[in-house]
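For reference, data-v1.cif (mmCIF, C-alpha atoms and all ligand atoms):
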```
data_protein
#
loop_
_atom_site.label_atom_id
_atom_site.label_comp_id
_atom_site.auth_asym_id
_atom_site.auth_seq_id
_atom_site.Cartn_x
_atom_site.Cartn_y
_atom_site.Cartn_z
CA MET A 29 0.00 0.00 0.00
CA THR A 30 1.33 3.48 -0.89
CA ALA A 31 0.38 6.62 1.05
CA THR A 32 0.21 10.20 -0.21
CA PRO A 33 -1.41 13.11 1.62
CA GLY A 34 -5.14 12.59 1.62
CA ALA A 35 -5.34 9.33 -0.31
CA ARG A 36 -3.72 5.91 -0.29
CA SER A 37 -3.27 3.45 -3.07
CA ILE A 38 -3.39 -0.31 -3.27
CA ARG A 39 -1.74 -1.98 -6.23
CA VAL A 40 -3.64 -4.71 -8.02
CA GLU A 41 -1.53 -7.03 -10.21
CA PRO A 42 -4.10 -9.33 -11.73
CA GLY A 43 -3.18 -12.97 -12.20
CA THR A 44 -4.90 -15.02 -14.90
CA GLN A 45 -8.42 -15.94 -13.85
CA ALA A 46 -10.75 -18.59 -15.24
CA GLY A 47 -12.16 -17.20 -18.50
CA GLU A 48 -9.16 -14.95 -19.21
CA VAL A 49 -6.54 -15.64 -21.83
CA THR A 50 -3.92 -13.30 -20.40
CA ALA A 51 -3.54 -11.49 -17.11
CA GLY A 52 -4.70 -7.86 -17.10
CA GLN A 53 -2.37 -4.91 -16.57
CA GLY A 54 -1.64 -3.79 -13.04
CA TYR A 55 -3.48 -0.77 -11.67
CA ASP A 56 -3.89 1.32 -8.53
CA VAL A 57 -6.96 1.71 -6.38
CA TRP A 58 -6.81 5.16 -4.74
CA VAL A 59 -8.93 5.69 -1.65
CA GLY A 60 -9.23 8.92 0.32
CA ASN A 61 -9.68 12.64 0.13
CA GLY A 62 -8.19 13.83 -3.18
CA ALA A 63 -8.42 10.45 -4.95
CA LEU A 64 -10.24 12.10 -7.86
CA GLU A 65 -7.12 14.14 -8.68
CA ARG A 66 -5.67 10.90 -10.04
CA LEU A 67 -8.18 11.02 -12.89
CA ARG A 68 -6.34 13.98 -14.41
CA GLU A 69 -3.52 11.89 -15.85
CA HIS A 70 -6.06 9.71 -17.71
CA LEU A 71 -7.76 12.69 -19.34
CA ARG A 72 -4.71 14.18 -21.05
CA GLY A 73 -3.78 14.01 -24.72
CA GLY A 74 -7.08 15.24 -26.19
CA ARG A 75 -8.78 11.94 -25.37
CA ARG A 76 -12.46 11.32 -25.95
CA VAL A 77 -14.07 10.23 -22.69
CA LEU A 78 -17.46 8.61 -22.15
CA LEU A 79 -18.58 9.32 -18.57
CA VAL A 80 -21.22 6.73 -17.67
CA THR A 81 -23.22 7.80 -14.64
CA GLN A 82 -26.46 7.13 -12.75
CA PRO A 83 -29.01 9.57 -11.26
CA GLY A 84 -27.87 11.42 -8.14
CA ARG A 85 -24.14 11.61 -8.89
CA ALA A 86 -24.22 15.22 -10.19
CA ALA A 87 -21.67 16.69 -7.76
CA VAL A 88 -18.87 14.33 -8.81
CA GLU A 89 -20.00 14.49 -12.44
CA GLU A 90 -19.49 18.25 -12.44
CA ARG A 91 -16.00 17.88 -11.03
CA VAL A 92 -15.12 15.34 -13.72
CA LEU A 93 -16.46 17.64 -16.44
CA ALA A 94 -14.44 20.59 -15.09
CA MET A 95 -11.31 18.44 -14.91
CA GLY A 96 -11.92 17.19 -18.45
CA GLU A 97 -12.19 20.74 -19.72
CA ALA A 98 -9.01 21.77 -17.90
CA GLU A 99 -7.10 18.81 -19.38
CA GLY A 100 -8.43 19.27 -22.92
CA ALA A 101 -10.48 16.04 -22.98
CA ASP A 102 -13.64 15.70 -25.08
CA VAL A 103 -16.04 14.41 -22.41
CA HIS A 104 -19.39 12.90 -23.39
CA VAL A 105 -21.90 12.02 -20.67
CA ALA A 106 -24.13 8.93 -20.69
CA ARG A 107 -26.76 9.09 -17.96
CA VAL A 108 -28.10 5.58 -17.52
CA PRO A 109 -31.07 4.39 -15.44
CA ASP A 110 -30.54 3.80 -11.73
CA ALA A 111 -29.40 0.53 -10.17
CA GLU A 112 -30.02 -2.81 -11.94
CA ALA A 113 -32.05 -1.16 -14.73
CA ALA A 114 -28.68 0.07 -16.07
CA LYS A 115 -27.31 -3.44 -16.55
CA ASP A 116 -29.45 -4.04 -19.60
CA VAL A 117 -28.59 -4.90 -23.18
CA GLY A 118 -30.69 -1.98 -24.47
CA VAL A 119 -28.77 0.46 -22.26
CA LEU A 120 -25.48 -1.10 -23.37
CA ALA A 121 -26.50 -0.73 -27.03
CA GLY A 122 -27.17 2.96 -26.32
CA LEU A 123 -23.59 3.32 -25.05
CA TRP A 124 -22.18 1.58 -28.16
CA GLN A 125 -24.23 4.00 -30.28
CA GLN A 126 -22.83 6.98 -28.38
CA LEU A 127 -19.26 5.64 -28.68
CA GLY A 128 -19.71 5.02 -32.40
CA ARG A 129 -21.31 8.37 -33.20
CA ALA A 130 -18.61 10.26 -31.32
CA GLY A 131 -15.88 8.25 -33.12
CA PHE A 132 -14.27 6.63 -30.06
CA THR A 133 -11.00 4.90 -30.93
CA ARG A 134 -8.74 2.47 -29.09
CA ASP A 135 -6.95 5.45 -27.49
CA ASP A 136 -10.07 6.77 -25.82
CA LEU A 137 -11.51 6.17 -22.36
CA VAL A 138 -14.67 5.11 -20.56
CA VAL A 139 -15.26 6.29 -16.97
CA GLY A 140 -17.83 4.58 -14.72
CA LEU A 141 -19.21 6.86 -11.98
CA GLY A 142 -21.68 5.36 -9.50
CA GLY A 143 -22.51 2.17 -7.65
CA GLY A 144 -21.65 -1.34 -8.75
CA ALA A 145 -24.37 -1.37 -11.40
CA VAL A 146 -22.70 1.49 -13.28
CA THR A 147 -19.16 0.17 -12.97
CA ASP A 148 -20.31 -3.29 -14.16
CA LEU A 149 -22.03 -1.71 -17.18
CA ALA A 150 -19.29 0.82 -18.00
CA GLY A 151 -16.67 -1.91 -17.64
CA PHE A 152 -18.51 -4.16 -20.07
CA ALA A 153 -19.01 -1.32 -22.56
CA ALA A 154 -15.24 -0.68 -22.40
CA ALA A 155 -14.47 -4.41 -22.71
CA SER A 156 -16.61 -4.79 -25.80
CA TRP A 157 -15.94 -1.52 -27.68
CA LEU A 158 -13.24 -2.19 -30.31
CA ARG A 159 -12.49 -5.37 -28.28
CA GLY A 160 -11.33 -3.34 -25.33
CA VAL A 161 -10.66 0.30 -24.47
CA ASP A 162 -9.45 1.77 -21.19
CA VAL A 163 -11.84 2.21 -18.28
CA VAL A 164 -11.43 4.08 -14.98
CA HIS A 165 -13.94 3.45 -12.20
CA LEU A 166 -15.19 6.05 -9.71
CA PRO A 167 -17.25 3.91 -7.29
CA THR A 168 -19.65 5.85 -5.06
CA SER A 169 -21.09 3.01 -2.96
CA LEU A 170 -19.35 0.90 -0.32
CA LEU A 171 -20.12 -2.31 -2.21
CA GLY A 172 -18.84 -0.64 -5.35
CA VAL A 173 -15.43 0.28 -3.95
CA VAL A 174 -14.72 -2.85 -1.92
CA ASP A 175 -16.08 -5.30 -4.46
CA ALA A 176 -17.66 -4.41 -7.81
CA ALA A 177 -15.12 -1.92 -9.18
CA VAL A 178 -12.06 -3.99 -8.23
CA GLY A 179 -11.12 -7.30 -9.81
CA GLY A 180 -12.05 -6.91 -13.47
CA LYS A 181 -15.45 -8.62 -13.59
CA THR A 182 -17.90 -6.69 -15.78
CA GLY A 183 -21.32 -7.54 -17.08
CA ILE A 184 -25.01 -7.04 -17.56
CA ASN A 185 -28.19 -8.96 -16.73
CA THR A 186 -30.52 -10.74 -19.16
CA GLU A 187 -34.00 -12.17 -18.78
CA GLU A 188 -32.34 -15.51 -18.06
CA GLY A 189 -30.55 -14.20 -14.99
CA LYS A 190 -28.18 -11.75 -13.31
CA ASN A 191 -24.60 -11.29 -14.53
CA LEU A 192 -24.82 -14.09 -17.08
CA VAL A 193 -23.25 -11.98 -19.85
CA GLY A 194 -19.94 -10.30 -19.20
CA ALA A 195 -16.19 -10.23 -19.57
CA PHE A 196 -13.03 -9.84 -17.54
CA HIS A 197 -11.69 -6.36 -18.22
CA HIS A 198 -9.45 -4.72 -15.65
CA PRO A 199 -9.70 -0.97 -15.11
CA ARG A 200 -6.71 1.38 -15.54
CA ALA A 201 -7.47 2.85 -12.12
CA VAL A 202 -10.15 2.87 -9.42
CA LEU A 203 -10.59 6.13 -7.51
CA CYS A 204 -12.84 6.64 -4.48
CA ASP A 205 -13.18 9.51 -2.06
CA PRO A 206 -15.15 8.18 0.95
CA ALA A 207 -16.81 11.62 1.16
CA TRP A 208 -18.86 10.47 -1.87
CA LEU A 209 -20.32 7.65 0.27
CA VAL A 210 -21.71 9.98 2.92
CA GLY A 211 -25.04 10.42 1.10
CA MET A 212 -25.68 6.69 0.86
CA PRO A 213 -28.81 5.41 2.63
CA HIS A 214 -27.62 3.95 5.95
CA ALA A 215 -29.07 0.50 5.18
CA ASP A 216 -27.13 0.37 1.89
CA TYR A 217 -23.89 1.35 3.61
CA VAL A 218 -24.41 -1.31 6.29
CA SER A 219 -25.20 -3.87 3.61
CA GLY A 220 -21.82 -3.09 1.99
CA LEU A 221 -20.19 -3.82 5.35
CA ALA A 222 -21.09 -7.50 4.89
CA GLU A 223 -18.41 -7.71 2.17
CA VAL A 224 -15.97 -5.87 4.46
CA ILE A 225 -16.64 -8.39 7.24
CA LYS A 226 -16.26 -11.20 4.70
CA CYS A 227 -12.79 -9.86 3.80
CA GLY A 228 -11.94 -9.85 7.51
CA LEU A 229 -13.14 -13.41 7.99
CA ILE A 230 -11.35 -14.91 4.99
CA ALA A 231 -8.08 -12.98 5.20
CA ASP A 232 -7.66 -10.04 7.59
CA PRO A 233 -8.48 -10.42 11.31
CA GLY A 234 -7.59 -6.73 11.85
CA ILE A 235 -10.77 -5.71 10.01
CA LEU A 236 -12.82 -7.66 12.54
CA THR A 237 -11.13 -6.21 15.61
CA SER A 238 -11.52 -2.66 14.21
CA ILE A 239 -15.25 -3.20 13.82
CA GLU A 240 -15.60 -4.91 17.20
CA SER A 241 -13.76 -2.09 18.99
CA ASP A 242 -15.98 0.68 17.55
CA PRO A 243 -19.06 -0.60 15.75
CA ASP A 244 -20.72 2.84 15.55
CA ALA A 245 -17.74 4.29 13.71
CA ALA A 246 -17.74 1.27 11.39
CA THR A 247 -21.22 2.16 10.17
CA ASN A 248 -20.33 5.82 9.57
CA PRO A 249 -18.77 6.70 6.20
CA SER A 250 -17.41 10.00 7.57
CA ALA A 251 -15.50 8.32 10.42
CA PRO A 252 -11.73 7.98 9.82
CA ILE A 253 -12.07 4.21 10.17
CA ALA A 254 -14.02 4.14 6.86
CA VAL A 255 -10.80 4.65 4.88
CA GLU A 256 -9.09 1.93 6.97
CA LEU A 257 -11.88 -0.58 6.40
CA ILE A 258 -12.11 0.19 2.69
CA THR A 259 -8.36 0.00 2.03
CA ALA A 260 -8.00 -3.19 4.08
CA SER A 261 -10.86 -4.83 2.16
CA VAL A 262 -9.50 -3.70 -1.22
CA GLN A 263 -6.12 -5.12 -0.18
CA VAL A 264 -7.75 -8.51 0.49
CA LYS A 265 -9.41 -8.47 -2.92
CA ALA A 266 -6.18 -7.30 -4.58
CA ASP A 267 -4.26 -10.17 -2.95
CA VAL A 268 -6.82 -12.70 -4.09
CA VAL A 269 -7.18 -11.52 -7.70
CA GLY A 270 -3.43 -11.09 -7.93
CA ALA A 271 -2.73 -14.64 -6.78
CA ASP A 272 -0.37 -16.84 -8.70
CA PRO A 273 -2.09 -17.94 -11.96
CA ARG A 274 -1.67 -21.56 -10.89
CA GLU A 275 -3.86 -20.74 -7.91
CA ALA A 276 -6.68 -19.23 -9.96
CA SER A 277 -9.20 -21.17 -7.88
CA ARG A 278 -8.18 -19.02 -4.90
CA ARG A 279 -10.65 -16.45 -6.18
CA GLU A 280 -13.28 -18.85 -4.93
CA ILE A 281 -12.67 -17.76 -1.33
CA LEU A 282 -14.35 -14.43 -2.16
CA ASN A 283 -17.47 -16.56 -2.45
CA PHE A 284 -17.62 -17.20 1.31
CA GLY A 285 -21.30 -16.94 2.31
CA HIS A 286 -22.41 -16.41 -1.28
CA THR A 287 -23.88 -19.83 -2.14
CA LEU A 288 -26.85 -19.40 0.20
CA ALA A 289 -26.84 -15.61 -0.41
CA HIS A 290 -27.38 -16.00 -4.15
CA ALA A 291 -30.25 -18.41 -3.47
CA ILE A 292 -31.89 -15.96 -1.01
CA GLU A 293 -31.52 -13.11 -3.52
CA GLN A 294 -33.13 -15.21 -6.25
CA VAL A 295 -35.98 -16.46 -4.05
CA GLU A 296 -36.59 -12.85 -2.97
CA ASP A 297 -36.57 -11.73 -6.61
CA TYR A 298 -33.59 -9.45 -5.80
CA ARG A 299 -35.56 -7.31 -3.35
CA TRP A 300 -33.11 -8.25 -0.59
CA ARG A 301 -29.86 -6.28 -0.53
CA HIS A 302 -26.86 -8.35 -1.63
CA GLY A 303 -24.90 -7.71 1.59
CA ASP A 304 -27.88 -8.65 3.79
CA ALA A 305 -28.12 -11.99 1.99
CA VAL A 306 -24.33 -12.48 2.29
CA ALA A 307 -24.60 -11.86 6.04
CA VAL A 308 -27.09 -14.72 6.48
CA GLY A 309 -25.01 -16.84 4.09
CA MET A 310 -21.86 -16.32 6.19
CA VAL A 311 -23.61 -17.48 9.37
CA PHE A 312 -24.90 -20.54 7.48
CA ALA A 313 -21.43 -21.32 6.07
CA SER A 314 -19.88 -20.95 9.54
CA GLU A 315 -22.40 -23.33 11.09
CA LEU A 316 -21.94 -25.75 8.20
CA GLY A 317 -18.17 -25.61 8.67
CA LEU A 318 -18.63 -26.35 12.37
CA LEU A 319 -20.89 -29.34 11.68
CA ALA A 320 -18.40 -30.66 9.11
CA GLY A 321 -15.56 -30.42 11.61
CA HIS A 322 -13.68 -27.57 9.86
CA THR A 323 -14.69 -24.50 11.84
CA PRO A 324 -13.73 -23.84 15.47
CA ALA A 325 -16.70 -23.90 17.86
CA GLU A 326 -16.46 -20.24 18.88
CA LEU A 327 -16.43 -18.84 15.33
CA PRO A 328 -20.14 -18.92 14.36
CA GLY A 329 -20.96 -16.95 17.51
CA ARG A 330 -18.35 -14.32 16.66
CA VAL A 331 -19.67 -14.06 13.09
CA ARG A 332 -23.23 -13.56 14.39
CA ALA A 333 -22.09 -10.94 16.92
CA LEU A 334 -20.11 -8.97 14.31
CA LEU A 335 -23.01 -8.89 11.88
CA THR A 336 -25.56 -8.03 14.56
CA VAL A 337 -23.50 -5.21 16.05
CA VAL A 338 -23.45 -3.33 12.72
CA GLY A 339 -27.13 -4.07 12.05
CA LEU A 340 -26.94 -6.89 9.51
CA PRO A 341 -29.43 -9.79 9.52
CA THR A 342 -28.41 -13.29 10.63
CA THR A 343 -31.65 -15.19 9.96
CA TYR A 344 -34.01 -15.93 7.09
CA ARG A 345 -37.39 -17.61 6.65
CA GLY A 346 -37.40 -21.23 7.83
CA ASP A 347 -40.16 -22.29 5.40
CA ARG A 348 -38.05 -21.38 2.38
CA TRP A 349 -35.45 -24.17 2.76
CA PRO A 350 -36.76 -26.52 0.01
CA GLU A 351 -36.77 -23.67 -2.50
CA LEU A 352 -33.34 -22.40 -1.42
CA ARG A 353 -31.89 -25.92 -1.66
CA THR A 354 -33.17 -26.29 -5.24
CA VAL A 355 -31.75 -22.92 -6.27
CA MET A 356 -28.37 -23.70 -4.64
CA GLY A 357 -28.17 -26.83 -6.80
CA ARG A 358 -28.30 -24.63 -9.90
CA ASP A 359 -25.59 -22.23 -8.66
CA LYS A 360 -23.14 -21.45 -11.45
CA LYS A 361 -20.28 -22.16 -9.01
CA ALA A 362 -21.56 -25.72 -8.33
CA ARG A 363 -19.61 -28.53 -10.00
CA GLY A 364 -21.92 -31.19 -11.44
CA SER A 365 -24.43 -32.14 -8.76
CA LEU A 366 -22.03 -31.48 -5.87
CA LEU A 367 -22.54 -28.35 -3.80
CA ARG A 368 -19.30 -26.55 -2.93
CA PHE A 369 -18.90 -24.19 0.00
CA VAL A 370 -16.12 -22.01 1.30
CA VAL A 371 -15.81 -22.71 5.03
CA LEU A 372 -13.46 -21.30 7.65
CA GLU A 373 -10.78 -23.38 9.35
CA GLY A 374 -10.29 -20.25 11.47
CA VAL A 375 -10.27 -16.48 10.92
CA GLY A 376 -8.14 -15.81 7.83
CA ARG A 377 -8.00 -19.53 7.01
CA PRO A 378 -10.58 -20.37 4.35
CA GLY A 379 -11.08 -23.97 3.27
CA ARG A 380 -13.48 -25.88 1.02
CA LEU A 381 -16.33 -28.25 1.70
CA GLU A 382 -17.64 -30.32 -1.18
CA GLY A 383 -20.85 -32.32 -1.24
CA PRO A 384 -22.01 -32.07 2.39
CA GLU A 385 -24.82 -34.45 3.33
CA GLU A 386 -28.40 -33.22 3.07
CA GLN A 387 -28.95 -33.76 6.78
CA MET A 388 -25.95 -31.51 7.58
CA LEU A 389 -27.22 -28.81 5.22
CA ARG A 390 -30.65 -28.91 6.86
CA GLN A 391 -29.10 -28.79 10.32
CA ALA A 392 -26.98 -25.76 9.40
CA TYR A 393 -30.00 -24.05 7.89
CA ALA A 394 -32.01 -24.65 11.08
CA THR A 395 -29.53 -22.36 12.88
CA VAL A 396 -30.35 -19.40 10.59
CA ALA A 397 -34.09 -20.14 10.19
CA ASP A 398 -36.43 -17.67 11.90
N1 LIG A 401 -18.15 -6.95 -10.80
C1 LIG A 401 -18.11 -7.47 -9.60
O1 LIG A 401 -17.15 -8.15 -9.21
C2 LIG A 401 -19.24 -7.22 -8.67
C3 LIG A 401 -19.12 -7.54 -7.30
C4 LIG A 401 -20.17 -7.23 -6.45
C5 LIG A 401 -21.32 -6.63 -6.93
N2 LIG A 401 -21.40 -6.35 -8.27
C6 LIG A 401 -22.61 -5.70 -8.81
O2 LIG A 401 -22.77 -4.45 -8.17
C7 LIG A 401 -24.14 -4.11 -8.13
C8 LIG A 401 -24.53 -3.71 -6.72
O3 LIG A 401 -23.71 -2.64 -6.30
P1 LIG A 401 -24.36 -1.32 -5.65
O4 LIG A 401 -25.19 -1.70 -4.49
O5 LIG A 401 -23.30 -0.29 -5.51
O6 LIG A 401 -25.27 -0.92 -6.89
P2 LIG A 401 -26.10 0.29 -7.47
O7 LIG A 401 -25.30 0.96 -8.49
O8 LIG A 401 -27.39 -0.32 -7.90
O9 LIG A 401 -26.34 1.26 -6.25
C9 LIG A 401 -27.35 1.02 -5.30
C10 LIG A 401 -28.15 2.31 -5.06
O10 LIG A 401 -27.30 3.23 -4.37
C11 LIG A 401 -27.31 4.48 -5.05
N3 LIG A 401 -26.06 5.14 -4.78
C12 LIG A 401 -24.82 4.84 -5.27
N4 LIG A 401 -23.90 5.67 -4.75
C13 LIG A 401 -24.56 6.51 -3.91
C14 LIG A 401 -24.16 7.61 -3.07
N5 LIG A 401 -22.90 7.97 -2.98
N6 LIG A 401 -25.13 8.26 -2.38
C15 LIG A 401 -26.42 7.91 -2.45
N7 LIG A 401 -26.87 6.86 -3.21
C16 LIG A 401 -25.93 6.19 -3.93
C17 LIG A 401 -27.56 4.15 -6.49
O11 LIG A 401 -28.08 5.28 -7.19
C18 LIG A 401 -28.55 3.00 -6.36
O12 LIG A 401 -29.86 3.48 -6.22
C19 LIG A 401 -24.91 -5.34 -8.61
O13 LIG A 401 -25.28 -5.13 -9.94
C20 LIG A 401 -23.88 -6.45 -8.52
O14 LIG A 401 -24.11 -7.49 -9.46
C21 LIG A 401 -20.40 -6.62 -9.13
#
```
Can you present the structure in this file as structure tokens?
Amino acid sequence: MTATPGARSIRVEPGTQAGEVTAGQGYDVWVGNGALERLREHLRGGRRVLLVTQPGRAAVEERVLAMGEAEGADVHVARVPDAEAAKDVGVLAGLWQQLGRAGFTRDDLVVGLGGGAVTDLAGFAAASWLRGVDVVHLPTSLLGVVDAAVGGKTGINTEEGKNLVGAFHHPRAVLCDPAWLVGMPHADYVSGLAEVIKCGLIADPGILTSIESDPDAATNPSAPIAVELITASVQVKADVVGADPREASRREILNFGHTLAHAIEQVEDYRWRHGDAVAVGMVFASELGLLAGHTPAELPGRVRALLTVVGLPTTYRGDRWPELRTVMGRDKKARGSLLRFVVLEGVGRPGRLEGPEEQMLRQAYATVAD
């Protein structure tokens, strides 16, 4: 991690991931006051820039436009619908049209400004235009900065499901000033904390002790600890996506809690927040790990306490198990008919559990059923 006044950077050196032919180029994730200044260097040289943004991001948009003018860039703005409605093939086609009409070449740039929906869309537009142009992400949500904007996964939704169409395309930089997060609805910020806690559980115990020592500050984007939690979580993701190519399956550990979470999201028709579903999924995976003899006895209780203290849910409807079990069997991460779970051998020590018995799955679910 590098520090400069106001902002810090974490280097991401992507290894080759499943679905990629070559590793992406390395890039920096800048977090902190003044991070946006780092955009300047990407705007120089008379570049055309497509700024893809969602409703409500006007303050940062104006700063980007002013910076573009100062640096001599030709900035075009694409205002896309809010949230998941942006990750749509019709919206993507609109971006291609804008890129084509403005004559964007391989030397030009796409900038994604907003939550994870925008950075997923902008990243995929950049991946597909002329088979790949540069993209810089400006994430404005907690989930966006700690997860969606980092790691190179881009994509859109189709009628057949979420995130089924996409590409790996690493950004040239990711820049986030936590001041942008201050306007987030509290429940959305807290939901993003589930991914932060996940990073703590799979790789960085310091994240957990920071949250445990001051839970109120952890839920406040203006508290100084916000930068600490964000940079520590980005570091975990950077370490995982930068793992040795021969260890490409290591990326799987980011999926801790996600097998049940994806099923809850689907059963709820995506009305549940992603992080809320991940929170319940992490309790389930901890209890499953305990039943399977991998997870130390005290860990599920600590996971529950951490989630509860920041206001995340730890239970879900008991009557939904049959439906959840069916959906989990169709998970795109499942191999054949075997269910695979990331479990914890301890804090910072993820392991794998393949094909647990039905009785064990039911027993683990009983501990999260309300
Ligand atoms: N590519 C990846 O690796 C990856 C990882 C995790 C999630 N994702 C994707 O990210 C998306 C979810 O991320 P999200 O929750 O950030 O999505 P989002 O873009 O839908 O944002 C959620 C809501 O928060 C609002 N918002 C964003 N920033 C705000 C701010 N600063 N102040 C006030 N409101 C703000 C948005 O307008 C939106 O209404 C999903 O589409 C998911 O599939 C991708």
Response to the item:
Shortest contact to A:Ala201, candidates A:Val138, A:Ala155, A:Leu318, A:Cys227, atoms counted all atoms listed in the file, goes to A:Val138
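Comparing the minimum interatomic distances between ligand LIG 401 (chain A) and each of A:Val218, A:Ala260, A:Val396, A:Leu170, counting all atoms listed in the file, we find that A:Leu170 sits nearest.
Proximity to ligand LIG 401 (chain A) was assessed for A:Val337, A:Val306, A:Val103, A:Ala98 counting only C-alpha atoms and all ligand atoms; the smallest distance is recorded for A:Val306.
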Interface rows for chain A against ligand LIG 401 (chain A): nearest pair, Å to one decimal, 7 Å, only C-alpha atoms and all ligand atoms, as CSV:
```
residue,atom,partner,partner_atom,distance
A:Gln82,CA,A:LIG401,O11,6.1
A:Pro83,CA,A:LIG401,O11,6.0
A:Gly84,CA,A:LIG401,O11,6.2
A:Asp110,CA,A:LIG401,O11,5.4
A:Ala111,CA,A:LIG401,O8,3.1
A:Glu112,CA,A:LIG401,O8,5.4
A:Gly142,CA,A:LIG401,N4,5.3
A:Gly143,CA,A:LIG401,O7,3.2
A:Gly144,CA,A:LIG401,O2,3.4
A:Ala145,CA,A:LIG401,O7,3.8
A:Val146,CA,A:LIG401,O7,5.5
A:Asp148,CA,A:LIG401,N1,5.4
A:Thr168,CA,A:LIG401,N4,4.3
A:Ser169,CA,A:LIG401,N4,4.3
A:Leu170,CA,A:LIG401,O5,6.6
A:Leu171,CA,A:LIG401,O5,5.0
A:Gly172,CA,A:LIG401,O5,4.5
A:Asp175,CA,A:LIG401,C3,4.7
A:Ala176,CA,A:LIG401,C2,3.3
A:Ala177,CA,A:LIG401,N1,6.1
A:Val178,CA,A:LIG401,O1,6.6
A:Gly179,CA,A:LIG401,O1,6.1
A:Gly180,CA,A:LIG401,N1,6.7
A:Lys181,CA,A:LIG401,N1,4.2
A:Thr182,CA,A:LIG401,N1,5.0
A:Asn191,CA,A:LIG401,O14,6.4
A:Trp208,CA,A:LIG401,N5,4.9
A:Leu209,CA,A:LIG401,N5,4.2
A:Val210,CA,A:LIG401,N5,6.3
A:Gly211,CA,A:LIG401,N6,4.1
A:Met212,CA,A:LIG401,C15,3.6
A:Pro213,CA,A:LIG401,C15,6.1
A:Asp216,CA,A:LIG401,O10,6.9
```
Return as a Markdown table the residues of stretch 140-177 of chain A lying at most 10 Å from stretch 128-136 of chain A, together with the closest atom-to-atom pair for each and the distance in Å to one decimal, counting only C-alpha atoms, with rows in chain order and ascending residue number.
```
| residue | atom | partner | partner_atom | distance |
| --- | --- | --- | --- | --- |
| A:Ala154 | CA | A:Asp136 | CA | 9.7 |
| A:Trp157 | CA | A:Arg134 | CA | 8.4 |
| A:Leu158 | CA | A:Arg134 | CA | 6.6 |
| A:Arg159 | CA | A:Arg134 | CA | 8.7 |
| A:Gly160 | CA | A:Arg134 | CA | 7.4 |
| A:Val161 | CA | A:Arg134 | CA | 5.5 |
| A:Asp162 | CA | A:Asp136 | CA | 6.8 |
| A:Val163 | CA | A:Asp136 | CA | 9.0 |
```
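Using only C-alpha atoms, the smallest distance between any of A:Val338, A:Pro252, A:Glu188, A:His214 and A:Ile239 comes from A:Val338.
For the atom pair formed by atom CA of A:Leu166 and atom CA of A:Arg39, the distance is 16.0 Å, given to one decimal.
Residues in contact range of A:His286, defined as at most 9 Å between all atoms listed in the file, with sequence neighbours fewer than 2 positions away removed, read Leu282, Asn283, Phe284, Leu288, Ala289, His290, Ala291, Ala305, Val306, Ala307, Gly309, Met310, Ala313, Phe369 and Val370 of chain A.
The nearest approach to A:Thr354 among the residues A:Glu90, A:Glu386, A:Asp297, A:Glu99, with only C-alpha atoms taken into account, belongs to A:Glu386.
From atom CA of A:Leu381 back to atom CA of A:Gly321, the distance works out to 10.2 Å.
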